[in-house]
Every structure is written in structure tokens, then in C-alpha cells.
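Next up, protein-v2.cif (mmCIF, C-alpha atoms):
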```
data_upload
loop_
_atom_site.group_PDB
_atom_site.id
_atom_site.type_symbol
_atom_site.label_atom_id
_atom_site.label_comp_id
_atom_site.auth_asym_id
_atom_site.auth_seq_id
_atom_site.Cartn_x
_atom_site.Cartn_y
_atom_site.Cartn_z
ATOM 1 C CA MET A 1 -96.707 -85.635 -82.401
ATOM 2 C CA ALA A 2 -94.823 -83.922 -79.606
ATOM 3 C CA PRO A 3 -91.219 -85.012 -79.096
ATOM 4 C CA ARG A 4 -90.731 -87.712 -76.520
ATOM 5 C CA ARG A 5 -89.315 -86.336 -73.271
ATOM 6 C CA LYS A 6 -86.570 -88.043 -71.303
ATOM 7 C CA ALA A 7 -87.703 -89.963 -68.242
ATOM 8 C CA VAL A 8 -85.441 -87.832 -66.041
ATOM 9 C CA ASP A 9 -84.350 -84.241 -66.535
ATOM 10 C CA PRO A 10 -80.491 -84.048 -66.628
ATOM 11 C CA PRO A 11 -80.184 -81.044 -64.270
ATOM 12 C CA GLN A 12 -82.391 -82.856 -61.769
ATOM 13 C CA VAL A 13 -80.257 -86.006 -61.972
ATOM 14 C CA LEU A 14 -76.990 -84.137 -61.519
ATOM 15 C CA SER A 15 -77.618 -83.093 -57.928
ATOM 16 C CA ALA A 16 -77.053 -84.346 -54.403
ATOM 17 C CA SER A 17 -80.778 -84.492 -53.719
ATOM 18 C CA TYR A 18 -81.263 -86.992 -56.542
ATOM 19 C CA LEU A 19 -78.457 -89.256 -55.336
ATOM 20 C CA GLU A 20 -79.447 -89.060 -51.674
ATOM 21 C CA GLY A 21 -83.094 -89.758 -52.472
ATOM 22 C CA ALA A 22 -82.442 -93.450 -53.140
ATOM 23 C CA LYS A 23 -84.916 -95.691 -51.293
ATOM 24 C CA ASN A 24 -82.861 -98.896 -51.355
ATOM 25 C CA LYS A 25 -79.711 -100.432 -52.807
ATOM 26 C CA ASN A 26 -81.224 -101.193 -56.215
ATOM 27 C CA ASP A 27 -82.624 -97.679 -56.468
ATOM 28 C CA LEU A 28 -79.238 -96.246 -55.457
ATOM 29 C CA LEU A 29 -77.469 -98.280 -58.139
ATOM 30 C CA LYS A 30 -79.973 -97.128 -60.749
ATOM 31 C CA ARG A 31 -79.452 -93.502 -59.762
ATOM 32 C CA LEU A 32 -75.659 -93.820 -59.909
ATOM 33 C CA LYS A 33 -75.936 -95.249 -63.416
ATOM 34 C CA ASN A 34 -78.253 -92.417 -64.453
ATOM 35 C CA ILE A 35 -75.821 -89.860 -63.040
ATOM 36 C CA THR A 36 -72.861 -91.340 -64.905
ATOM 37 C CA GLU A 37 -74.854 -91.576 -68.121
ATOM 38 C CA GLN A 38 -76.047 -87.973 -67.942
ATOM 39 C CA ILE A 39 -72.576 -86.595 -67.179
ATOM 40 C CA SER A 40 -71.014 -88.499 -70.082
ATOM 41 C CA ASP A 41 -73.831 -87.859 -72.577
ATOM 42 C CA GLU A 42 -74.681 -84.245 -71.862
ATOM 43 C CA ASP A 43 -72.537 -81.201 -72.585
ATOM 44 C CA VAL A 44 -72.103 -80.461 -68.895
ATOM 45 C CA GLU A 45 -69.915 -77.623 -67.664
ATOM 46 C CA PRO A 46 -68.934 -76.898 -64.055
ATOM 47 C CA HIS A 47 -70.392 -73.796 -62.413
ATOM 48 C CA SER A 48 -72.985 -73.572 -65.179
ATOM 49 C CA PRO A 49 -76.375 -72.084 -64.179
ATOM 50 C CA HIS A 50 -77.961 -74.910 -66.150
ATOM 51 C CA TYR A 51 -76.575 -77.475 -63.678
ATOM 52 C CA PRO A 52 -76.800 -75.824 -60.254
ATOM 53 C CA GLY A 53 -76.625 -79.117 -58.382
ATOM 54 C CA LEU A 54 -73.388 -80.413 -59.910
ATOM 55 C CA SER A 55 -71.170 -79.139 -57.102
ATOM 56 C CA SER A 56 -73.424 -80.640 -54.434
ATOM 57 C CA LEU A 57 -73.383 -83.956 -56.317
ATOM 58 C CA ALA A 58 -69.569 -84.022 -56.272
ATOM 59 C CA THR A 59 -69.653 -83.356 -52.531
ATOM 60 C CA SER A 60 -72.287 -86.030 -51.920
ATOM 61 C CA LEU A 61 -70.316 -88.730 -53.758
ATOM 62 C CA VAL A 62 -67.525 -88.422 -51.176
ATOM 63 C CA SER A 63 -69.791 -87.951 -48.153
ATOM 64 C CA VAL A 64 -69.019 -89.907 -44.972
ATOM 65 C CA ASN A 65 -71.060 -91.389 -42.149
ATOM 66 C CA ASP A 66 -71.933 -88.979 -39.354
ATOM 67 C CA ASP A 67 -70.372 -91.227 -36.707
ATOM 68 C CA ASP A 68 -67.216 -92.084 -38.691
ATOM 69 C CA ASP A 69 -65.525 -89.513 -40.913
ATOM 70 C CA THR A 70 -63.396 -92.220 -42.560
ATOM 71 C CA ALA A 71 -66.361 -94.345 -43.694
ATOM 72 C CA TYR A 72 -67.330 -93.078 -47.144
ATOM 73 C CA ILE A 73 -71.015 -93.822 -47.769
ATOM 74 C CA TYR A 74 -70.800 -94.575 -51.480
ATOM 75 C CA LEU A 75 -67.130 -95.243 -52.208
ATOM 76 C CA ASN A 76 -66.948 -97.807 -49.374
ATOM 77 C CA HIS A 77 -70.503 -99.104 -49.687
ATOM 78 C CA LYS A 78 -71.019 -102.751 -48.743
ATOM 79 C CA ASP A 79 -72.313 -103.515 -52.247
ATOM 80 C CA LYS A 80 -69.572 -103.970 -54.851
ATOM 81 C CA ASP A 81 -71.659 -102.599 -57.734
ATOM 82 C CA VAL A 82 -72.409 -99.409 -55.787
ATOM 83 C CA ARG A 83 -68.688 -98.966 -55.145
ATOM 84 C CA LEU A 84 -67.924 -99.506 -58.837
ATOM 85 C CA HIS A 85 -70.515 -97.056 -60.128
ATOM 86 C CA SER A 86 -69.582 -94.479 -57.515
ATOM 87 C CA VAL A 87 -66.060 -94.575 -58.929
ATOM 88 C CA LEU A 88 -67.386 -94.308 -62.498
ATOM 89 C CA ALA A 89 -69.380 -91.205 -61.540
ATOM 90 C CA CYS A 90 -66.275 -89.666 -59.937
ATOM 91 C CA MET A 91 -64.239 -90.429 -63.060
ATOM 92 C CA GLU A 92 -66.694 -88.440 -65.167
ATOM 93 C CA LEU A 93 -66.521 -85.553 -62.700
ATOM 94 C CA PHE A 94 -62.714 -85.569 -62.913
ATOM 95 C CA TYR A 95 -63.183 -84.967 -66.637
ATOM 96 C CA ILE A 96 -65.836 -82.276 -66.203
ATOM 97 C CA TYR A 97 -63.800 -80.313 -63.639
ATOM 98 C CA ALA A 98 -60.341 -80.826 -65.163
ATOM 99 C CA PRO A 99 -57.763 -79.630 -64.328
ATOM 100 C CA GLU A 100 -59.093 -78.746 -60.830
ATOM 101 C CA PRO A 101 -60.995 -81.615 -59.126
ATOM 102 C CA PRO A 102 -63.930 -80.582 -56.907
ATOM 103 C CA TRP A 103 -62.561 -82.417 -53.852
ATOM 104 C CA ASN A 104 -59.893 -81.877 -51.197
ATOM 105 C CA GLU A 105 -56.688 -83.916 -51.001
ATOM 106 C CA ASP A 106 -58.021 -86.602 -48.626
ATOM 107 C CA GLU A 107 -61.113 -87.124 -50.762
ATOM 108 C CA ILE A 108 -59.031 -87.383 -53.932
ATOM 109 C CA ILE A 109 -56.830 -90.042 -52.330
ATOM 110 C CA GLU A 110 -59.908 -91.999 -51.222
ATOM 111 C CA ILE A 111 -61.366 -91.891 -54.732
ATOM 112 C CA PHE A 112 -58.109 -93.120 -56.233
ATOM 113 C CA GLN A 113 -57.782 -95.924 -53.707
ATOM 114 C CA GLN A 114 -61.244 -97.250 -54.567
ATOM 115 C CA MET A 115 -60.538 -96.653 -58.251
ATOM 116 C CA ILE A 116 -57.420 -98.811 -57.972
ATOM 117 C CA ARG A 117 -59.394 -101.628 -56.319
ATOM 118 C CA GLN A 118 -61.941 -101.568 -59.122
ATOM 119 C CA LEU A 119 -59.352 -101.352 -61.905
ATOM 120 C CA GLY A 120 -57.537 -104.379 -60.493
ATOM 121 C CA ASN A 121 -60.577 -106.489 -61.429
ATOM 122 C CA LEU A 122 -59.851 -105.883 -65.108
ATOM 123 C CA ALA A 123 -56.960 -108.369 -64.914
ATOM 124 C CA THR A 124 -59.385 -111.289 -64.506
ATOM 125 C CA CYS A 125 -62.210 -109.905 -66.653
ATOM 126 C CA ILE A 126 -62.146 -111.142 -70.261
ATOM 127 C CA PRO A 127 -64.901 -109.751 -72.523
ATOM 128 C CA ASN A 128 -65.339 -112.915 -74.605
ATOM 129 C CA ASP A 129 -65.472 -115.284 -71.613
ATOM 130 C CA THR A 130 -69.038 -116.594 -71.797
ATOM 131 C CA SER A 131 -68.538 -118.879 -68.803
ATOM 132 C CA VAL A 132 -68.983 -115.932 -66.425
ATOM 133 C CA SER A 133 -72.336 -114.163 -66.186
ATOM 134 C CA ASN A 134 -72.453 -110.398 -66.783
ATOM 135 C CA GLN A 135 -68.799 -110.497 -67.828
ATOM 136 C CA VAL A 136 -69.215 -108.121 -70.775
ATOM 137 C CA HIS A 137 -70.884 -105.400 -68.686
ATOM 138 C CA GLN A 138 -68.279 -105.717 -65.942
ATOM 139 C CA TYR A 139 -65.470 -105.539 -68.489
ATOM 140 C CA GLU A 140 -66.943 -102.395 -70.032
ATOM 141 C CA ALA A 141 -67.084 -100.704 -66.615
ATOM 142 C CA TYR A 142 -63.500 -101.589 -65.667
ATOM 143 C CA PHE A 143 -62.282 -100.695 -69.145
ATOM 144 C CA ARG A 144 -63.985 -97.292 -68.844
ATOM 145 C CA ILE A 145 -61.857 -96.533 -65.776
ATOM 146 C CA LEU A 146 -58.676 -97.358 -67.687
ATOM 147 C CA GLU A 147 -59.898 -95.408 -70.706
ATOM 148 C CA GLN A 148 -60.480 -92.299 -68.589
ATOM 149 C CA LEU A 149 -57.044 -92.630 -67.001
ATOM 150 C CA SER A 150 -55.591 -92.752 -70.505
ATOM 151 C CA GLU A 151 -57.602 -90.142 -72.397
ATOM 152 C CA VAL A 152 -58.305 -87.636 -69.611
ATOM 153 C CA LYS A 153 -54.941 -88.330 -67.912
ATOM 154 C CA ILE A 154 -56.587 -88.383 -64.494
ATOM 155 C CA GLY A 155 -53.484 -89.889 -62.899
ATOM 156 C CA VAL A 156 -51.655 -86.564 -63.203
ATOM 157 C CA VAL A 157 -53.823 -85.318 -60.321
ATOM 158 C CA LEU A 158 -51.863 -87.667 -58.058
ATOM 159 C CA VAL A 159 -48.577 -86.539 -59.596
ATOM 160 C CA ASP A 160 -49.441 -82.935 -58.704
ATOM 161 C CA LEU A 161 -50.135 -83.987 -55.105
ATOM 162 C CA VAL A 162 -46.774 -85.790 -54.989
ATOM 163 C CA ARG A 163 -44.822 -82.847 -56.437
ATOM 164 C CA THR A 164 -46.453 -80.316 -54.116
ATOM 165 C CA GLU A 165 -46.384 -82.672 -51.102
ATOM 166 C CA GLN A 166 -50.008 -81.800 -50.330
ATOM 167 C CA ALA A 167 -51.124 -85.313 -49.343
ATOM 168 C CA PRO A 168 -49.090 -87.729 -47.181
ATOM 169 C CA HIS A 169 -50.245 -90.862 -49.035
ATOM 170 C CA ALA A 170 -50.067 -89.445 -52.567
ATOM 171 C CA LEU A 171 -46.813 -91.172 -53.590
ATOM 172 C CA GLU A 172 -47.900 -94.516 -52.166
ATOM 173 C CA THR A 173 -51.235 -94.242 -54.000
ATOM 174 C CA LEU A 174 -49.575 -93.194 -57.256
ATOM 175 C CA CYS A 175 -47.227 -96.183 -57.132
ATOM 176 C CA GLU A 176 -50.141 -98.515 -56.449
ATOM 177 C CA LEU A 177 -52.018 -96.991 -59.385
ATOM 178 C CA ILE A 178 -49.093 -97.504 -61.776
ATOM 179 C CA LYS A 179 -48.590 -101.063 -60.534
ATOM 180 C CA THR A 180 -52.292 -101.842 -60.988
ATOM 181 C CA ILE A 181 -52.399 -100.357 -64.487
ATOM 182 C CA LEU A 182 -49.402 -102.452 -65.534
ATOM 183 C CA THR A 183 -50.772 -105.661 -64.040
ATOM 184 C CA CYS A 184 -54.414 -105.243 -65.121
ATOM 185 C CA VAL A 185 -53.529 -106.099 -68.727
ATOM 186 C CA HIS A 186 -54.271 -109.730 -69.594
ATOM 187 C CA VAL A 187 -52.819 -111.630 -72.522
ATOM 188 C CA ASP A 188 -56.370 -112.302 -73.789
ATOM 189 C CA HIS A 189 -57.470 -108.663 -73.647
ATOM 190 C CA PRO A 190 -58.104 -106.663 -76.842
ATOM 191 C CA PRO A 191 -55.083 -104.578 -77.970
ATOM 192 C CA GLU A 192 -56.680 -101.302 -76.836
ATOM 193 C CA VAL A 193 -56.324 -102.345 -73.179
ATOM 194 C CA GLY A 194 -52.543 -102.417 -73.454
ATOM 195 C CA GLN A 195 -52.566 -99.192 -75.465
ATOM 196 C CA HIS A 196 -54.608 -97.342 -72.836
ATOM 197 C CA ALA A 197 -52.433 -98.749 -70.046
ATOM 198 C CA GLU A 198 -49.311 -97.469 -71.787
ATOM 199 C CA SER A 199 -50.844 -94.029 -72.322
ATOM 200 C CA ALA A 200 -52.118 -93.751 -68.730
ATOM 201 C CA VAL A 201 -48.756 -94.573 -67.153
ATOM 202 C CA ALA A 202 -46.791 -92.445 -69.634
ATOM 203 C CA ALA A 203 -49.001 -89.452 -68.780
ATOM 204 C CA CYS A 204 -48.032 -89.792 -65.106
ATOM 205 C CA VAL A 205 -44.326 -90.038 -65.895
ATOM 206 C CA GLU A 206 -44.370 -87.069 -68.249
ATOM 207 C CA GLU A 207 -46.133 -84.879 -65.673
ATOM 208 C CA PHE A 208 -43.072 -84.920 -63.398
ATOM 209 C CA GLU A 209 -40.695 -82.024 -63.768
ATOM 210 C CA GLY A 210 -37.090 -83.180 -63.472
ATOM 211 C CA ASN A 211 -36.945 -85.493 -60.487
ATOM 212 C CA ILE A 212 -39.020 -88.684 -60.589
ATOM 213 C CA PRO A 213 -39.322 -90.531 -57.241
ATOM 214 C CA ASN A 214 -37.425 -93.810 -57.082
ATOM 215 C CA ALA A 215 -40.581 -95.562 -55.906
ATOM 216 C CA VAL A 216 -42.229 -94.679 -59.235
ATOM 217 C CA LEU A 217 -39.187 -95.907 -61.171
ATOM 218 C CA ASP A 218 -39.350 -99.168 -59.213
ATOM 219 C CA GLU A 219 -42.882 -99.853 -60.460
ATOM 220 C CA LEU A 220 -41.731 -99.406 -64.054
ATOM 221 C CA LEU A 221 -38.499 -101.369 -63.786
ATOM 222 C CA MET A 222 -39.771 -104.411 -61.888
ATOM 223 C CA PRO A 223 -42.023 -105.675 -64.727
ATOM 224 C CA VAL A 224 -39.134 -105.172 -67.146
ATOM 225 C CA GLY A 225 -36.843 -107.101 -64.803
ATOM 226 C CA SER A 226 -39.299 -110.012 -64.750
ATOM 227 C CA GLY A 227 -38.777 -110.525 -68.487
ATOM 228 C CA PRO A 228 -41.006 -110.847 -71.579
ATOM 229 C CA VAL A 229 -42.420 -114.227 -70.598
ATOM 230 C CA THR A 230 -44.059 -115.515 -67.459
ATOM 231 C CA TYR A 231 -45.249 -118.895 -66.211
ATOM 232 C CA VAL A 232 -48.906 -119.683 -65.615
ATOM 233 C CA ILE A 233 -50.822 -122.800 -64.664
ATOM 234 C CA ASP A 234 -51.714 -124.915 -67.682
ATOM 235 C CA PRO A 235 -55.532 -125.175 -67.645
ATOM 236 C CA LYS A 236 -55.286 -128.493 -69.494
ATOM 237 C CA SER A 237 -52.843 -130.024 -67.009
ATOM 238 C CA LYS A 238 -54.016 -133.091 -65.102
ATOM 239 C CA GLU A 239 -50.938 -133.215 -62.873
ATOM 240 C CA ASN A 240 -50.974 -132.453 -59.163
ATOM 241 C CA PRO A 241 -49.718 -129.825 -58.666
ATOM 242 C CA PRO A 242 -50.640 -128.684 -62.195
ATOM 243 C CA ALA A 243 -47.905 -128.076 -64.740
ATOM 244 C CA GLN A 244 -47.010 -124.551 -65.807
ATOM 245 C CA ILE A 245 -46.574 -123.141 -69.293
ATOM 246 C CA GLN A 246 -44.841 -120.092 -70.760
ATOM 247 C CA GLN A 247 -46.964 -117.081 -71.626
ATOM 248 C CA THR A 248 -46.276 -113.566 -72.850
ATOM 249 C CA ASN A 249 -45.866 -111.141 -69.953
ATOM 250 C CA PRO A 250 -48.187 -108.190 -70.785
ATOM 251 C CA SER A 251 -46.852 -106.118 -67.873
ATOM 252 C CA TYR A 252 -43.366 -106.296 -69.372
ATOM 253 C CA LEU A 253 -44.627 -105.212 -72.791
ATOM 254 C CA VAL A 254 -46.525 -102.204 -71.416
ATOM 255 C CA ALA A 255 -43.708 -101.095 -69.102
ATOM 256 C CA ALA A 256 -41.121 -101.416 -71.885
ATOM 257 C CA LYS A 257 -43.259 -99.271 -74.194
ATOM 258 C CA VAL A 258 -43.679 -96.648 -71.474
ATOM 259 C CA LEU A 259 -39.908 -96.499 -70.978
ATOM 260 C CA ARG A 260 -39.350 -96.045 -74.711
ATOM 261 C CA LYS A 261 -42.102 -93.438 -74.997
ATOM 262 C CA THR A 262 -40.799 -91.373 -72.071
ATOM 263 C CA GLU A 263 -37.089 -91.951 -72.712
ATOM 264 C CA ASP A 264 -36.171 -88.263 -72.730
ATOM 265 C CA LYS A 265 -37.878 -87.715 -69.386
ATOM 266 C CA ILE A 266 -36.918 -90.896 -67.595
ATOM 267 C CA SER A 267 -33.436 -91.922 -68.789
ATOM 268 C CA SER A 268 -31.491 -89.666 -66.414
ATOM 269 C CA PRO A 269 -33.543 -90.550 -63.288
ATOM 270 C CA ILE A 270 -33.128 -94.262 -64.070
ATOM 271 C CA ALA A 271 -29.377 -93.820 -64.576
ATOM 272 C CA ASN A 272 -29.126 -92.035 -61.217
ATOM 273 C CA LEU A 273 -31.137 -94.784 -59.528
ATOM 274 C CA LEU A 274 -29.004 -97.595 -60.942
ATOM 275 C CA ASN A 275 -25.764 -95.779 -60.147
ATOM 276 C CA GLY A 276 -26.950 -95.303 -56.583
ATOM 277 C CA ILE A 277 -27.836 -99.008 -56.266
ATOM 278 C CA PHE A 278 -24.534 -100.238 -57.686
ATOM 279 C CA SER A 279 -22.481 -97.815 -55.575
ATOM 280 C CA GLY A 280 -24.414 -98.731 -52.425
ATOM 281 C CA ASP A 281 -25.586 -95.183 -51.796
ATOM 282 C CA PRO A 282 -27.563 -95.347 -48.508
ATOM 283 C CA LYS A 283 -30.080 -92.687 -49.530
ATOM 284 C CA THR A 284 -30.835 -94.490 -52.782
ATOM 285 C CA LEU A 285 -31.108 -97.908 -51.137
ATOM 286 C CA GLU A 286 -33.596 -96.518 -48.610
ATOM 287 C CA SER A 287 -35.834 -95.176 -51.378
ATOM 288 C CA THR A 288 -35.928 -98.215 -53.661
ATOM 289 C CA SER A 289 -37.072 -101.809 -53.410
ATOM 290 C CA LEU A 290 -34.735 -102.920 -56.207
ATOM 291 C CA SER A 291 -31.542 -104.836 -55.607
ATOM 292 C CA ALA A 292 -28.357 -105.288 -57.626
ATOM 293 C CA GLU A 293 -27.849 -108.833 -56.381
ATOM 294 C CA ASP A 294 -27.476 -111.528 -59.041
ATOM 295 C CA SER A 295 -30.628 -113.483 -59.687
ATOM 296 C CA THR A 296 -31.000 -116.518 -61.899
ATOM 297 C CA GLU A 297 -34.556 -117.720 -62.182
ATOM 298 C CA SER A 298 -35.238 -121.098 -63.712
ATOM 299 C CA PRO A 299 -38.656 -122.118 -65.048
ATOM 300 C CA PRO A 300 -40.910 -123.411 -62.270
ATOM 301 C CA SER A 301 -41.312 -127.135 -61.990
ATOM 302 C CA SER A 302 -44.706 -128.732 -61.362
ATOM 303 C CA GLY A 303 -43.185 -131.176 -58.919
ATOM 304 C CA LYS A 304 -41.238 -128.617 -56.915
ATOM 305 C CA LYS A 305 -42.712 -127.601 -53.572
ATOM 306 C CA LYS A 306 -41.863 -124.688 -51.387
ATOM 307 C CA LYS A 307 -40.038 -125.510 -48.232
ATOM 308 C CA LYS A 308 -42.504 -125.772 -45.366
ATOM 309 C CA GLY A 309 -42.597 -122.637 -43.284
ATOM 310 C CA GLY A 310 -40.240 -120.850 -45.666
ATOM 311 C CA LYS A 311 -40.836 -117.218 -46.504
ATOM 312 C CA ASP A 312 -39.603 -115.147 -49.396
ATOM 313 C CA THR A 313 -37.898 -112.261 -47.629
ATOM 314 C CA SER A 314 -35.785 -111.119 -50.569
ATOM 315 C CA SER A 315 -36.399 -107.781 -52.197
ATOM 316 C CA PRO A 316 -37.423 -107.634 -55.882
ATOM 317 C CA THR A 317 -34.315 -108.170 -57.986
ATOM 318 C CA LEU A 318 -33.661 -106.710 -61.415
ATOM 319 C CA ASN A 319 -31.285 -108.404 -63.844
ATOM 320 C CA PHE A 320 -29.188 -105.475 -64.997
ATOM 321 C CA THR A 321 -26.774 -107.543 -67.094
ATOM 322 C CA LYS A 322 -27.422 -108.527 -70.699
#
```

Could you express the structure from this file as C-alpha cells?
Amino acid sequence: MAPRRKAVDPPQVLSASYLEGAKNKNDLLKRLKNITEQISDEDVEPHSPHYPGLSSLATSLVSVNDDDDTAYIYLNHKDKDVRLHSVLACMELFYIYAPEPPWNEDEIIEIFQQMIRQLGNLATCIPNDTSVSNQVHQYEAYFRILEQLSEVKIGVVLVDLVRTEQAPHALETLCELIKTILTCVHVDHPPEVGQHAESAVAACVEEFEGNIPNAVLDELLMPVGSGPVTYVIDPKSKENPPAQIQQTNPSYLVAAKVLRKTEDKISSPIANLLNGIFSGDPKTLESTSLSAEDSTESPPSSGKKKKKGGKDTSSPTLNFTK
């Protein structure tokens, strides 16, 4: 018996013509999944004569509408699953083309911004939660993004843009990425989520040479300043408003591990930042959202209500004293 052939030939799938040939949303989603599967399963190499359409595929994934060059057809598609699987396809291409992505600076920033939106969903996606339909598949997709950030160290692409000042929004996007990675870890997640988060953030920190922007340090220090425990609504509470209970703060645990892992690289920049804050150095204060003001936070009370019309205008405060 002749060997069974694959339904779709990999070189045919990995091309712009295949992606752009979708007849409807469901067909488009199917094609994006096929693309991601073929890139991850096959031994694909960039600029290989065996995959002549790979470059055009990378270009097509970041294509924009003819009448609006800021409206990305796939990355900003109206369907959330199309957006997710467009990001997953881009993640695989980051790996294939490493260390040189096949996109320009604006396109890279756009990919990361959509990547960050998708990764943020991991915080509320628990694999063993059977009360939500399709939860396992969604978790696997979001986890894959974090896994790629950890193992392929895709975040260092943003670090390079920050160091070379090639993209105006690179630092802002990098800080948002680090913040999202730290906050996407849930106390009910498997241990590997926290491990990948630690590795992904540490890779970004270690990529800097000498100076690390204060905005990046802020994102690492703020979870540490919030402490090892946090308060969440008690799901069993029958009070109104519901009572709150103590819970381990996963963001603190990940950030603390990153600081320990990158101690040689980050200790001096942190010392300079804190010295600048305590001495009131204007340049430092302009570049950080941290404050040296005393802050004593008591556990929230279920019966305590916020003053009507009141706004929290204080900057994030770190408790520097033991």
C-alpha cells in the first residue's frame, strides 16, 4: 500500500497565496492553524528553496487594509480567534527567522502589542476549569505564547529596539510585555507557567548591556513592593460587598526570582534608581513611577467603601524599609 499523503503540502501552506485564499472566517481560521502547525512540525528554514513562499507569508501576516495603513488585516481582525492564531503564526516565524525577524520596526511593535493582549488572557484561563467551554484549548494557545517568549527569548527583539532607539514605542511596549508576563501567572496555574514567566523576563533583563531603563526596573520592583500576599474576593462569601481573603501573590514570586537570577546585571541599576529617588534627583523622578513616600497598607475590609467621587492619584509606592 502506498504511503498516505498529507492533506496539504507544507510548502504550499507556507505561502501568502494560501493564507489570502481564505473564503470566509472559518476557512481563514483553519488556514492559520494549518500554517502554525506546519511551521512548528516541519524542519523549516528561512530562504530555503524548499519553502519559497515563506517570506511572502511573513509579509502577508502583517498586511494592512488598502484604505488604512494602520489597520492590520489579521492581527487586528474582528474575530478574536483569528487575532490569536495570527499571533501564534508570528511567534513561530520569530523562531524560524531568529535572530533577525522578517518585519520592520513598526510591524514588530504591532505584533508585540497584539501578542501582549493575547497573553493577558492567560491570567484568567485555568486548564482544569471545566466550567468554561474550550478552556483547555485556549489555555494551550496562551501558554504557547509564554513558552515561546521563554524558550526562544523573543522579548529580546524589543530590547534590541530599545537599545538602538529604532522604534519610538519600543520601551513602552517592552514594559507592557514585562508587566503582562508578571501578571499573567495565576495561583492555580501549573508550576511551568511561573517558570516560563521567570525565564522570559530574565532573558529581557540580561539582554541589556550596562544601563537598564528605569521604566523596566519599575515593572520589576512594583510587584515586589506589593508583597508576597494579595487580597482577592472570597468566592464562598455571602456578604455584600463580598469578603476578601489572603492569597499568594504570584507576580511577587516571579519578580523576586527574576531579581535573584539577574542580580549581577540588575543590582547596580536598581541601586542607582533608589539613590536617585531618595535624593530627589529630578532626572530620576521623571523617569520612574516609584515613590519613596511611606505607605502602610492594611488588609481591605469588606464593609469599607471608597469615598464617592474619589480618585487614586498617588503614584505606585514601594516599601523600601524592612

**OP:** Expand the PyMOL selection byres ((chain A and resi 140-146) around 9) into the individual residues it matches in the shown file, reporting them as a list in words.
**Re:** Leu84, His85, Val87, Leu88, Met91, Met115, Gln118, Leu119, Gly120, Asn121, Leu122, Cys125, Pro127, Gln135, Val136, His137, Gln138, Tyr139, Glu147, Gln148, Leu149, Ser150, Glu151, Ile181, Val193, His196, Ala197 and Ala200 of chain A

**OP:** Apply the PyMOL selection byres ((chain A and resi 82) around 12) to the file shown and report the selected residues as a PyMOL selection string.
**Re:** chain A and resi 19+22+24-33+61+72-81+83-89+114+118

Original post:
Could you name the residues that touch Phe278 of chain A at 9 Å or less, counting all atoms listed in the file, but leaving out those on the same chain fewer than 4 positions away, as a list in words?
Top reply: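 Listed by chain and then number, they are Leu273, Leu274, Ser291 and Ala292 of chain A.
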
Original post:
If you measure from atom CA of Asp281 of chain A to atom CA of Ser268 of chain A, what distance in Å do you get, rounded to one decimal?
Top reply: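 Computing the Euclidean distance for atom CA of Asp281 of chain A and atom CA of Ser268 of chain A yields 16.7 Å.
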
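The coordinates place atom CA of Ile111 of chain A at 21.8 Å from atom CA of Thr124 of chain A.
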